[in-house]
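This is coords.cif (mmCIF, N, CA, C and O atoms).
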```
data_data
loop_
_atom_site.label_atom_id
_atom_site.label_comp_id
_atom_site.auth_asym_id
_atom_site.auth_seq_id
_atom_site.Cartn_x
_atom_site.Cartn_y
_atom_site.Cartn_z
N MET A 1 -15.09 -123.09 99.91
CA MET A 1 -14.20 -122.22 100.67
C MET A 1 -14.35 -122.48 102.17
O MET A 1 -13.37 -122.44 102.89
N ARG A 2 -15.56 -122.78 102.62
CA ARG A 2 -15.78 -123.03 104.04
C ARG A 2 -14.91 -124.17 104.55
O ARG A 2 -14.35 -124.13 105.63
N ARG A 3 -14.78 -125.23 103.73
CA ARG A 3 -13.96 -126.36 104.12
C ARG A 3 -12.49 -125.94 104.27
O ARG A 3 -11.80 -126.41 105.16
N ASN A 4 -12.04 -125.06 103.37
CA ASN A 4 -10.67 -124.54 103.48
C ASN A 4 -10.49 -123.76 104.78
O ASN A 4 -9.44 -123.85 105.42
N PHE A 5 -11.50 -122.98 105.15
CA PHE A 5 -11.45 -122.23 106.40
C PHE A 5 -11.43 -123.18 107.60
O PHE A 5 -10.71 -122.94 108.57
N GLN A 6 -12.20 -124.24 107.54
CA GLN A 6 -12.20 -125.21 108.63
C GLN A 6 -10.82 -125.85 108.80
O GLN A 6 -10.34 -126.01 109.92
N LYS A 7 -10.21 -126.20 107.68
CA LYS A 7 -8.87 -126.80 107.73
C LYS A 7 -7.85 -125.81 108.28
O LYS A 7 -7.04 -126.15 109.15
N LEU A 8 -7.88 -124.58 107.79
CA LEU A 8 -6.96 -123.54 108.26
C LEU A 8 -7.18 -123.29 109.76
O LEU A 8 -6.22 -123.18 110.52
N ASN A 9 -8.43 -123.24 110.19
CA ASN A 9 -8.73 -123.02 111.60
C ASN A 9 -8.18 -124.16 112.46
O ASN A 9 -7.63 -123.92 113.54
N ALA A 10 -8.30 -125.39 111.98
CA ALA A 10 -7.77 -126.54 112.72
C ALA A 10 -6.24 -126.46 112.82
O ALA A 10 -5.67 -126.72 113.89
N GLU A 11 -5.59 -126.10 111.73
CA GLU A 11 -4.13 -125.98 111.74
C GLU A 11 -3.67 -124.85 112.67
O GLU A 11 -2.75 -125.03 113.46
N LEU A 12 -4.33 -123.71 112.58
CA LEU A 12 -3.98 -122.58 113.44
C LEU A 12 -4.28 -122.91 114.90
O LEU A 12 -3.53 -122.52 115.80
N GLY A 13 -5.37 -123.62 115.12
CA GLY A 13 -5.74 -124.03 116.48
C GLY A 13 -4.67 -124.91 117.10
O GLY A 13 -4.31 -124.73 118.28
N ALA A 14 -4.15 -125.85 116.33
CA ALA A 14 -3.09 -126.73 116.84
C ALA A 14 -1.83 -125.92 117.15
O ALA A 14 -1.18 -126.13 118.18
N GLU A 15 -1.49 -124.98 116.28
CA GLU A 15 -0.33 -124.12 116.52
C GLU A 15 -0.54 -123.25 117.76
O GLU A 15 0.36 -123.07 118.57
N PHE A 16 -1.75 -122.71 117.90
CA PHE A 16 -2.04 -121.87 119.06
C PHE A 16 -1.99 -122.69 120.35
O PHE A 16 -1.46 -122.22 121.36
N ASP A 17 -2.49 -123.91 120.31
CA ASP A 17 -2.42 -124.78 121.49
C ASP A 17 -0.97 -125.02 121.90
O ASP A 17 -0.63 -124.98 123.09
N ARG A 18 -0.09 -125.25 120.92
CA ARG A 18 1.33 -125.44 121.22
C ARG A 18 1.93 -124.16 121.81
O ARG A 18 2.71 -124.20 122.77
N TYR A 19 1.56 -123.03 121.24
CA TYR A 19 2.07 -121.74 121.72
C TYR A 19 1.66 -121.52 123.18
O TYR A 19 2.48 -121.12 124.02
N VAL A 20 0.40 -121.78 123.49
CA VAL A 20 -0.09 -121.61 124.86
C VAL A 20 0.61 -122.57 125.81
O VAL A 20 0.97 -122.19 126.93
N ALA A 21 0.84 -123.81 125.37
CA ALA A 21 1.54 -124.77 126.22
C ALA A 21 2.97 -124.31 126.52
O ALA A 21 3.49 -124.53 127.61
N GLU A 22 3.60 -123.65 125.55
CA GLU A 22 4.97 -123.17 125.72
C GLU A 22 5.05 -121.81 126.41
O GLU A 22 6.10 -121.43 126.90
N HIS A 23 3.94 -121.06 126.40
CA HIS A 23 3.90 -119.71 126.97
C HIS A 23 2.67 -119.54 127.86
O HIS A 23 1.81 -118.68 127.60
N PRO A 24 2.54 -120.32 128.93
CA PRO A 24 1.34 -120.25 129.76
C PRO A 24 1.12 -118.89 130.42
O PRO A 24 -0.02 -118.46 130.59
N ALA A 25 2.18 -118.19 130.77
CA ALA A 25 2.03 -116.87 131.39
C ALA A 25 1.38 -115.89 130.41
O ALA A 25 0.56 -115.06 130.80
N TRP A 26 1.76 -115.97 129.13
CA TRP A 26 1.16 -115.11 128.11
C TRP A 26 -0.34 -115.38 128.04
O TRP A 26 -1.14 -114.44 128.01
N ALA A 27 -0.72 -116.65 128.02
CA ALA A 27 -2.13 -117.00 127.92
C ALA A 27 -2.91 -116.52 129.14
O ALA A 27 -4.01 -115.97 129.00
N GLN A 28 -2.35 -116.71 130.32
CA GLN A 28 -3.03 -116.25 131.54
C GLN A 28 -3.23 -114.74 131.54
O GLN A 28 -4.24 -114.25 132.02
N LYS A 29 -2.28 -114.03 130.99
CA LYS A 29 -2.35 -112.56 130.95
C LYS A 29 -3.36 -112.06 129.92
O LYS A 29 -4.05 -111.07 130.15
N HIS A 30 -3.45 -112.73 128.77
CA HIS A 30 -4.21 -112.19 127.64
C HIS A 30 -5.53 -112.88 127.33
O HIS A 30 -6.38 -112.28 126.66
N VAL A 31 -5.70 -114.12 127.74
CA VAL A 31 -6.90 -114.87 127.38
C VAL A 31 -7.69 -115.18 128.65
O VAL A 31 -7.23 -115.94 129.50
N PRO A 32 -8.88 -114.57 128.80
CA PRO A 32 -9.67 -114.84 130.01
C PRO A 32 -10.04 -116.32 130.13
O PRO A 32 -10.23 -117.01 129.13
N GLN A 33 -10.11 -116.79 131.37
CA GLN A 33 -10.50 -118.18 131.64
C GLN A 33 -11.83 -118.48 130.96
O GLN A 33 -12.79 -117.73 131.11
N GLY A 34 -11.88 -119.56 130.21
CA GLY A 34 -13.12 -120.00 129.57
C GLY A 34 -13.53 -119.23 128.32
O GLY A 34 -14.62 -119.43 127.80
N ALA A 35 -12.66 -118.34 127.85
CA ALA A 35 -13.00 -117.53 126.68
C ALA A 35 -13.03 -118.37 125.41
O ALA A 35 -12.30 -119.34 125.27
N LYS A 36 -13.86 -117.97 124.48
CA LYS A 36 -13.86 -118.54 123.13
C LYS A 36 -12.84 -117.74 122.34
O LYS A 36 -12.87 -116.52 122.32
N VAL A 37 -11.90 -118.44 121.70
CA VAL A 37 -10.82 -117.79 120.96
C VAL A 37 -11.13 -117.85 119.47
O VAL A 37 -11.39 -118.92 118.92
N ALA A 38 -11.09 -116.69 118.83
CA ALA A 38 -11.22 -116.61 117.38
C ALA A 38 -9.85 -116.26 116.82
O ALA A 38 -9.33 -115.18 117.09
N LEU A 39 -9.27 -117.19 116.11
CA LEU A 39 -7.94 -116.95 115.53
C LEU A 39 -8.07 -116.10 114.28
O LEU A 39 -8.96 -116.31 113.46
N GLN A 40 -7.18 -115.15 114.17
CA GLN A 40 -7.14 -114.24 113.03
C GLN A 40 -5.74 -114.32 112.45
O GLN A 40 -4.76 -114.41 113.18
N ILE A 41 -5.67 -114.28 111.12
CA ILE A 41 -4.35 -114.37 110.49
C ILE A 41 -4.12 -113.15 109.61
O ILE A 41 -5.02 -112.73 108.86
N GLU A 42 -2.96 -112.57 109.77
CA GLU A 42 -2.59 -111.38 109.03
C GLU A 42 -2.79 -111.59 107.53
O GLU A 42 -2.31 -112.57 106.97
N GLY A 43 -3.53 -110.69 106.88
CA GLY A 43 -3.67 -110.71 105.43
C GLY A 43 -4.76 -111.62 104.88
O GLY A 43 -4.82 -111.83 103.67
N ASN A 44 -5.64 -112.16 105.73
CA ASN A 44 -6.70 -113.05 105.24
C ASN A 44 -8.05 -112.58 105.80
O ASN A 44 -8.61 -113.19 106.70
N ALA A 45 -8.57 -111.51 105.23
CA ALA A 45 -9.80 -110.88 105.73
C ALA A 45 -11.00 -111.83 105.69
O ALA A 45 -11.81 -111.84 106.62
N ALA A 46 -11.11 -112.63 104.65
CA ALA A 46 -12.27 -113.53 104.53
C ALA A 46 -12.25 -114.58 105.64
O ALA A 46 -13.27 -114.84 106.28
N PHE A 47 -11.09 -115.17 105.89
CA PHE A 47 -10.99 -116.14 106.98
C PHE A 47 -11.26 -115.47 108.32
O PHE A 47 -11.97 -116.03 109.17
N ASN A 48 -10.72 -114.30 108.53
CA ASN A 48 -10.89 -113.60 109.80
C ASN A 48 -12.36 -113.32 110.09
O ASN A 48 -12.82 -113.52 111.21
N THR A 49 -13.09 -112.91 109.08
CA THR A 49 -14.54 -112.68 109.25
C THR A 49 -15.23 -113.98 109.60
O THR A 49 -16.05 -114.03 110.53
N TRP A 50 -14.93 -115.04 108.87
CA TRP A 50 -15.53 -116.36 109.14
C TRP A 50 -15.23 -116.80 110.57
O TRP A 50 -16.11 -117.26 111.29
N SER A 51 -13.99 -116.65 111.01
CA SER A 51 -13.57 -117.08 112.33
C SER A 51 -14.29 -116.29 113.44
O SER A 51 -14.74 -116.86 114.44
N ARG A 52 -14.40 -114.97 113.26
CA ARG A 52 -15.10 -114.15 114.24
C ARG A 52 -16.57 -114.54 114.34
O ARG A 52 -17.12 -114.67 115.44
N GLN A 53 -17.21 -114.74 113.20
CA GLN A 53 -18.62 -115.13 113.19
C GLN A 53 -18.82 -116.50 113.84
O GLN A 53 -19.76 -116.70 114.61
N LEU A 54 -17.92 -117.44 113.56
CA LEU A 54 -18.01 -118.77 114.15
C LEU A 54 -17.89 -118.69 115.67
O LEU A 54 -18.68 -119.30 116.40
N ALA A 55 -16.92 -117.94 116.16
CA ALA A 55 -16.72 -117.82 117.61
C ALA A 55 -17.95 -117.22 118.28
O ALA A 55 -18.38 -117.69 119.34
N LYS A 56 -18.53 -116.22 117.67
CA LYS A 56 -19.71 -115.58 118.26
C LYS A 56 -20.91 -116.52 118.25
O LYS A 56 -21.71 -116.52 119.19
N ARG A 57 -21.03 -117.34 117.21
CA ARG A 57 -22.13 -118.32 117.14
C ARG A 57 -21.95 -119.45 118.15
O ARG A 57 -22.92 -119.95 118.70
N MET A 58 -20.71 -119.86 118.37
CA MET A 58 -20.43 -121.04 119.19
C MET A 58 -20.31 -120.73 120.69
O MET A 58 -20.31 -121.65 121.49
N ARG A 59 -20.22 -119.49 121.05
CA ARG A 59 -20.03 -119.18 122.47
C ARG A 59 -21.33 -119.34 123.24
O ARG A 59 -22.44 -119.26 122.68
N SER A 60 -21.21 -119.59 124.51
CA SER A 60 -22.37 -119.66 125.37
C SER A 60 -22.70 -118.25 125.87
O SER A 60 -21.91 -117.32 125.70
N ALA A 61 -23.85 -118.11 126.49
CA ALA A 61 -24.27 -116.80 126.99
C ALA A 61 -23.22 -116.25 127.95
O ALA A 61 -22.71 -116.95 128.82
N LYS A 62 -22.86 -115.01 127.77
CA LYS A 62 -21.91 -114.28 128.60
C LYS A 62 -20.47 -114.80 128.52
O LYS A 62 -19.62 -114.36 129.27
N GLN A 63 -20.21 -115.77 127.64
CA GLN A 63 -18.84 -116.25 127.48
C GLN A 63 -18.04 -115.21 126.72
O GLN A 63 -18.46 -114.75 125.66
N PRO A 64 -16.88 -114.81 127.24
CA PRO A 64 -16.08 -113.81 126.53
C PRO A 64 -15.51 -114.40 125.23
O PRO A 64 -15.23 -115.59 125.15
N VAL A 65 -15.36 -113.54 124.25
CA VAL A 65 -14.72 -113.91 122.98
C VAL A 65 -13.49 -113.02 122.83
O VAL A 65 -13.57 -111.81 123.03
N VAL A 66 -12.36 -113.64 122.50
CA VAL A 66 -11.15 -112.86 122.23
C VAL A 66 -10.65 -113.20 120.82
O VAL A 66 -10.80 -114.32 120.35
N PHE A 67 -10.10 -112.19 120.18
CA PHE A 67 -9.53 -112.36 118.85
C PHE A 67 -8.02 -112.40 118.99
O PHE A 67 -7.42 -111.45 119.49
N VAL A 68 -7.41 -113.48 118.57
CA VAL A 68 -5.97 -113.63 118.62
C VAL A 68 -5.44 -113.49 117.20
O VAL A 68 -5.72 -114.33 116.34
N ARG A 69 -4.70 -112.42 116.96
CA ARG A 69 -4.15 -112.17 115.63
C ARG A 69 -2.78 -112.82 115.52
O ARG A 69 -1.86 -112.50 116.27
N ILE A 70 -2.66 -113.74 114.58
CA ILE A 70 -1.39 -114.39 114.30
C ILE A 70 -0.72 -113.57 113.21
O ILE A 70 -1.18 -113.54 112.08
N GLU A 71 0.34 -112.90 113.59
CA GLU A 71 1.00 -111.97 112.68
C GLU A 71 2.03 -112.64 111.79
O GLU A 71 2.29 -112.19 110.69
N LYS A 72 2.63 -113.71 112.30
CA LYS A 72 3.67 -114.38 111.52
C LYS A 72 3.80 -115.83 111.98
O LYS A 72 3.76 -116.10 113.17
N LEU A 73 3.97 -116.73 111.03
CA LEU A 73 4.19 -118.15 111.33
C LEU A 73 5.56 -118.55 110.81
O LEU A 73 5.97 -118.12 109.72
N ALA A 74 6.24 -119.38 111.56
CA ALA A 74 7.50 -119.95 111.08
C ALA A 74 7.17 -121.01 110.04
O ALA A 74 6.07 -121.57 110.04
N PRO A 75 8.10 -121.30 109.15
CA PRO A 75 7.86 -122.34 108.15
C PRO A 75 7.60 -123.70 108.81
O PRO A 75 8.16 -124.01 109.86
N VAL A 76 6.72 -124.47 108.19
CA VAL A 76 6.42 -125.81 108.68
C VAL A 76 7.62 -126.70 108.39
O VAL A 76 8.19 -126.66 107.29
N ARG A 77 8.03 -127.47 109.40
CA ARG A 77 9.14 -128.39 109.20
C ARG A 77 8.97 -129.58 110.11
O ARG A 77 8.25 -129.54 111.10
N SER A 78 9.65 -130.61 109.77
CA SER A 78 9.58 -131.84 110.55
C SER A 78 10.30 -131.68 111.87
O SER A 78 11.32 -131.00 111.98
N ARG A 79 9.79 -132.37 112.88
CA ARG A 79 10.45 -132.39 114.19
C ARG A 79 11.23 -133.68 114.39
O ARG A 79 11.80 -133.90 115.44
N ILE A 80 11.25 -134.55 113.38
CA ILE A 80 11.99 -135.82 113.50
C ILE A 80 13.48 -135.51 113.59
O ILE A 80 14.03 -134.81 112.75
N VAL A 81 14.10 -136.06 114.61
CA VAL A 81 15.53 -135.85 114.81
C VAL A 81 16.33 -137.01 114.21
O VAL A 81 17.39 -136.80 113.64
N LYS A 82 15.81 -138.21 114.33
CA LYS A 82 16.50 -139.38 113.80
C LYS A 82 15.45 -140.40 113.37
O LYS A 82 14.44 -140.57 114.02
N ALA A 83 15.73 -141.08 112.27
CA ALA A 83 14.82 -142.11 111.77
C ALA A 83 15.62 -143.28 111.23
O ALA A 83 16.74 -143.11 110.76
N THR A 84 15.07 -144.47 111.35
CA THR A 84 15.70 -145.66 110.77
C THR A 84 14.67 -146.36 109.91
O THR A 84 13.46 -146.17 110.08
N VAL A 85 15.14 -147.17 108.99
CA VAL A 85 14.27 -147.91 108.08
C VAL A 85 14.54 -149.39 108.24
O VAL A 85 15.69 -149.81 108.31
N GLN A 86 13.49 -150.17 108.27
CA GLN A 86 13.60 -151.61 108.30
C GLN A 86 12.81 -152.18 107.14
O GLN A 86 11.64 -151.85 106.97
N LYS A 87 13.44 -153.01 106.32
CA LYS A 87 12.76 -153.62 105.19
C LYS A 87 11.84 -154.73 105.67
O LYS A 87 12.20 -155.50 106.56
N ALA A 88 10.69 -154.81 105.05
CA ALA A 88 9.75 -155.91 105.36
C ALA A 88 10.25 -157.19 104.72
O ALA A 88 10.88 -157.17 103.66
N ALA A 89 9.99 -158.29 105.36
CA ALA A 89 10.45 -159.60 104.82
C ALA A 89 9.64 -160.02 103.62
O ALA A 89 8.55 -159.67 103.39
#
```

I'd like the structure from this file rewritten - as structure tokens, please.
Amino acid sequence: MRRNFQKLNAELGAEFDRYVAEHPAWAQKHVPQGAKVALQIEGNAAFNTWSRQLAKRMRSAKQPVVFVRIEKLAPVRSRIVKATVQKAA
């Protein structure tokens, strides 16, 4: 199960990074500079506990920890707009 949590955390982390890049004002308002972020996902108590514990273990002394609750995710879809195929000789 831990490996599943690691994979989910990596996926959520990538999504959160994109969100912050697209909404920098939100991040500046809600996430203190240098904070350790523990991602939480609606409806997954076991993952949320694991994520909180990991953030607390990994933070440095006096480093703030914030919990970011992801309430809803859009469906995963491709961002490819156009593709071509070339046959190998």

Output as JSON lines one row per residue of region 25-59 of chain A within 12 Å of region 6-19 of chain A: the closest atom pair and its distance in Å to one decimal place, counting only C-alpha atoms, sorted by chain and residue number ascending.
```
{"residue": "A:Ala25", "atom": "CA", "partner": "A:Tyr19", "partner_atom": "CA", "distance": 10.8}
{"residue": "A:Trp26", "atom": "CA", "partner": "A:Tyr19", "partner_atom": "CA", "distance": 9.3}
{"residue": "A:Ala27", "atom": "CA", "partner": "A:Tyr19", "partner_atom": "CA", "distance": 8.9}
{"residue": "A:Val31", "atom": "CA", "partner": "A:Phe16", "partner_atom": "CA", "distance": 11.9}
{"residue": "A:Lys36", "atom": "CA", "partner": "A:Gly13", "partner_atom": "CA", "distance": 11.8}
{"residue": "A:Val37", "atom": "CA", "partner": "A:Gly13", "partner_atom": "CA", "distance": 9.2}
{"residue": "A:Ala38", "atom": "CA", "partner": "A:Asn9", "partner_atom": "CA", "distance": 9.0}
{"residue": "A:Leu39", "atom": "CA", "partner": "A:Leu12", "partner_atom": "CA", "distance": 7.2}
{"residue": "A:Gln40", "atom": "CA", "partner": "A:Leu12", "partner_atom": "CA", "distance": 8.9}
{"residue": "A:Ile41", "atom": "CA", "partner": "A:Leu12", "partner_atom": "CA", "distance": 8.7}
{"residue": "A:Asn44", "atom": "CA", "partner": "A:Leu8", "partner_atom": "CA", "distance": 10.9}
{"residue": "A:Ala46", "atom": "CA", "partner": "A:Leu8", "partner_atom": "CA", "distance": 11.9}
{"residue": "A:Phe47", "atom": "CA", "partner": "A:Leu8", "partner_atom": "CA", "distance": 8.5}
{"residue": "A:Asn48", "atom": "CA", "partner": "A:Asn9", "partner_atom": "CA", "distance": 9.8}
{"residue": "A:Trp50", "atom": "CA", "partner": "A:Gln6", "partner_atom": "CA", "distance": 9.5}
{"residue": "A:Ser51", "atom": "CA", "partner": "A:Asn9", "partner_atom": "CA", "distance": 7.7}
{"residue": "A:Arg52", "atom": "CA", "partner": "A:Asn9", "partner_atom": "CA", "distance": 11.2}
{"residue": "A:Leu54", "atom": "CA", "partner": "A:Gln6", "partner_atom": "CA", "distance": 10.3}
{"residue": "A:Ala55", "atom": "CA", "partner": "A:Asn9", "partner_atom": "CA", "distance": 11.3}
```

### Query
Please, which residues of chain A, numbered as in this document, come out alpha helix (DSSP H) from DSSP, as a ChimeraX atom specification?
/A:2-22,24-30,45-58

#### Entry: Straight-line distance linking atom O of Lys56 (chain A) with CA of Arg2 (chain A), stated in Å to one decimal
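Atom-to-atom, atom O of Lys56 (chain A) to CA of Arg2 (chain A), that is 17.5 Å.
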
### Query
What separation in Å, quoted to one decimal, exists between atom O of Ala45 (chain A) and CA of Phe5 (chain A)?
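Atom-to-atom, atom O of Ala45 (chain A) to CA of Phe5 (chain A), that is 10.4 Å.
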
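One finds CA of Gln53 (chain A) at 24.1 Å from CA of Gln28 (chain A).
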
### Query
If you run DSSP on the backbone, which residues of region 10-57 of chain A are strand (DSSP E), as number ranges by chain?
A: 36-41
